[in-house]
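The structure appears below as structure tokens.
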Amino acid sequence: MFAVLRHNPQFRKLWYAQIVSQAGDWLNRLAVLTLIAELGDPSAALKVGGLFSLELALRLAPAGLFGPFAGPAADRLPRRLVMVVTDLLCAAVVLCMLLIRSTDDLPLLYGLLLAQSSLAIFFHTARSGALPSTVRDGDLHAAIALSSATWSVMLALGTSLGGLLMLVVSLSGIFWIDAGTYLLSAALLWRLRLPPVGEHPQPFRWRDAALLTEIRRGLQHARKIGIAPVLFAKSFWGGGGGFLVMIPILGTTRFADLGGEATSTATELGRAGFATGMLYAARGVGTAFGPILGRYFFGSTDRRLLQLVSGGFVIAAIGYSLLPLCHDLWLACACVVFAHLGGSSIWVCSATHWQKHVYSEFRGRVYALELLGMTLAFSLGGFLAGAFYDSTNDPNLVLWSLSTLVLFCGVIWTWTARKVVRED
């Protein structure tokens, strides 16, 4: 898999920037979750489940709000320029998080999260559109698999390192580090060389973007080439949003006994950050190895990719259904690793399938369409999980319900994608 780096120097630059940027992203995510747990008011109307689900929604919502603009931008503007500018702006936003001091500042924190995520959607849409242009024919699946594995390794390293840093470094120090990673990523991407974006028959119009006309053009293209159901695999994996809400809840309650108290000591915050970091690191380990194992044992033909997506729903449901039985942190991490062997198969195999078939001039809009569906589904899954937990205070019941939902959605997606499998 690493041979793709030797043969494709432009992809190598893109990969270096990914390593730096995503390491900082996960440090930032862990710091923000710990800060929310510290500043959240247990007596407020919005309790810990709601606060964590709101954090998830604000990280995902920009895909729905700005995806219709990010897709056309990535298909018309120089993609390198889009990535560099958004990196620089994200560095400024992260530095503003140093202003968060008390519970009264939580609205500002959520506003900054929304700004950071809004910029990120333009970055990731441009990167997705640029990636196939940085590799030779036949290297695309290896490049996507390596990018996914790198995301997973950075998740594991960033959150585990962040968990350890939380014991010795202040939250403000982590925000400074994150801002530095954005600046380094921008410097690396400035050296990237990409082919010019092709000329489009339809000029960009704000009205078309706002009315989702551009997104619909992407959907029409996907339907024309017969892969539309593949674009919505991540939408059917929306229960994963609920799991992402439950990870910090378990990390700050069951395995750290923090419970969102504003008067928590530095030791308790460090313990909560460490437990949450280890659970997120376990997610990273699972997502790193899922695509690698799937490709090794089953291959990467179109038919096998779709079968791996279906199997991913089953594995994810089994892993998270076992998590309530674990009261030891390391056993819980093992369950999360297993679950995300399946979750990453859904993610990588569906993306590889459509990237192989979608025409270059439609990649930005098709990616925005896929991300829009995933965002809405993950946000809904996160809010349902947070509300269910706040009303029952029973994480086990929430996890079993989510696992059942994921399994059911996997069956439905497999049925909807059956024609794609036949056509392959």
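Note on naming: chains are A, B, ... as they come in the structure tokens, residues start from 1 per chain, ligands start from 1 in the order shown.
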
Please provide as a PyMOL selection string all residues within 8 Å of A:Ser403, with the sequence filter that same-chain residues fewer than 6 positions apart are discarded (counting only C-alpha atoms).
chain A and resi 239+316-318+320-321

Create the file for the chosen residues now, containing C-alpha atoms and written as a tab-separated table (two decimals), in the first residue's frame.
chain	number	residue	atom	x	y	z
A	239	GLY	CA	-26.33	5.30	13.77
A	316	ALA	CA	-20.26	-2.54	13.75
A	317	ALA	CA	-23.55	-3.63	15.32
A	318	ILE	CA	-21.93	-6.62	17.04
A	320	TYR	CA	-21.13	-1.87	19.99
A	321	SER	CA	-23.71	-4.35	21.31

Can you tell me which residues surround stretch 5-21 of chain A at a distance of at most 6 Å, considering only C-alpha atoms, apart from same-chain residues fewer than 5 positions away, and format the answer as a PyMOL selection string?
chain A and resi 134-135+181-182+185+188

Between A:Leu60, A:Leu407, A:Leu369, A:Val4, which residue has the minimum interatomic distance to A:Leu146, considering only C-alpha atoms?
A:Val4

For A:Val93, list every protein, DNA or RNA residue within 8 Å, evaluated using only C-alpha atoms, and leave out those in the same chain fewer than 6 positions away; present the list as a list in words.
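Neighbouring residues, sequence-local ones excluded: Leu112, Ala115 and Gln116 of chain A.
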
Determine, counting only C-alpha atoms, which protein, DNA and RNA residues have an atom within 10 Å of an atom of A:Arg59; residues of the same chain fewer than 3 positions away are not included. Present the result as an mmCIF file with N, CA and C atoms, in the first residue's frame.
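Generated file (part_36.cif):
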data_model
loop_
_atom_site.group_PDB
_atom_site.id
_atom_site.type_symbol
_atom_site.label_atom_id
_atom_site.label_comp_id
_atom_site.auth_asym_id
_atom_site.auth_seq_id
_atom_site.Cartn_x
_atom_site.Cartn_y
_atom_site.Cartn_z
ATOM 1 N N ARG A 29 -10.194 18.028 18.961
ATOM 2 C CA ARG A 29 -11.479 17.399 19.294
ATOM 3 C C ARG A 29 -11.501 16.944 20.747
ATOM 4 N N SER A 53 -23.998 15.890 21.839
ATOM 5 C CA SER A 53 -24.650 15.715 20.541
ATOM 6 C C SER A 53 -24.668 17.027 19.762
ATOM 7 N N LEU A 54 -24.787 18.164 20.480
ATOM 8 C CA LEU A 54 -24.721 19.461 19.805
ATOM 9 C C LEU A 54 -23.326 19.692 19.228
ATOM 10 N N GLU A 55 -22.294 19.278 19.973
ATOM 11 C CA GLU A 55 -20.924 19.395 19.461
ATOM 12 C C GLU A 55 -20.766 18.595 18.164
ATOM 13 N N LEU A 56 -21.286 17.369 18.159
ATOM 14 C CA LEU A 56 -21.200 16.541 16.962
ATOM 15 C C LEU A 56 -21.953 17.176 15.805
ATOM 16 N N PRO A 62 -22.174 21.837 8.814
ATOM 17 C CA PRO A 62 -21.733 22.604 7.644
ATOM 18 C C PRO A 62 -21.772 21.837 6.331
ATOM 19 N N ALA A 63 -21.706 20.513 6.383
ATOM 20 C CA ALA A 63 -21.811 19.751 5.136
ATOM 21 C C ALA A 63 -23.162 20.000 4.478
ATOM 22 N N TYR A 110 -19.202 27.011 20.760
ATOM 23 C CA TYR A 110 -19.991 26.344 19.721
ATOM 24 C C TYR A 110 -19.981 27.146 18.417
ATOM 25 N N LEU A 113 -16.718 26.371 16.783
ATOM 26 C CA LEU A 113 -16.785 25.030 16.198
ATOM 27 C C LEU A 113 -17.493 25.065 14.845
ATOM 28 N N LEU A 114 -18.584 25.815 14.783
ATOM 29 C CA LEU A 114 -19.323 25.920 13.524
ATOM 30 C C LEU A 114 -18.462 26.575 12.445
ATOM 31 N N ALA A 115 -17.717 27.631 12.817
ATOM 32 C CA ALA A 115 -16.844 28.289 11.838
ATOM 33 C C ALA A 115 -15.745 27.352 11.364
ATOM 34 N N GLN A 116 -15.122 26.633 12.306
ATOM 35 C CA GLN A 116 -14.054 25.700 11.948
ATOM 36 C C GLN A 116 -14.558 24.602 11.024
ATOM 37 N N SER A 117 -15.721 24.057 11.334
ATOM 38 C CA SER A 117 -16.278 22.980 10.525
ATOM 39 C C SER A 117 -16.740 23.476 9.162
ATOM 40 N N SER A 118 -17.208 24.715 9.109
ATOM 41 C CA SER A 118 -17.642 25.286 7.834
ATOM 42 C C SER A 118 -16.460 25.437 6.885
ATOM 43 N N ALA A 120 -13.742 23.638 7.086
ATOM 44 C CA ALA A 120 -13.235 22.293 6.816
ATOM 45 C C ALA A 120 -13.970 21.628 5.661
ATOM 46 N N ILE A 121 -15.265 21.920 5.492
ATOM 47 C CA ILE A 121 -16.009 21.269 4.422
ATOM 48 C C ILE A 121 -15.478 21.719 3.061
ATOM 49 N N THR A 375 -24.019 13.635 6.773
ATOM 50 C CA THR A 375 -24.121 14.630 7.835
ATOM 51 C C THR A 375 -25.503 14.643 8.468
ATOM 52 N N SER A 379 -26.004 13.486 12.276
ATOM 53 C CA SER A 379 -26.538 14.481 13.213
ATOM 54 C C SER A 379 -27.804 13.962 13.877
#

Within 10 Å of A:Leu157, counting only C-alpha atoms, which residues show up once you throw out same-chain ones fewer than 4 positions away? Write them as an MDAnalysis selection string, please.
chainID A and resid 22:23 26:27 151:153 161:163 277:278 280:282 284:285

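Once stretch 164-176 of chain A and its same-chain neighbours fewer than 3 positions away are set aside, A:Leu27, A:Asn28, A:Ala31, A:Val94, A:Leu95, A:Leu98, A:Ser160, A:Leu161, A:Ala179, A:Gly180, A:Gly270, A:Gly273, A:Phe274 remain within 7 Å of it when counting only C-alpha atoms.
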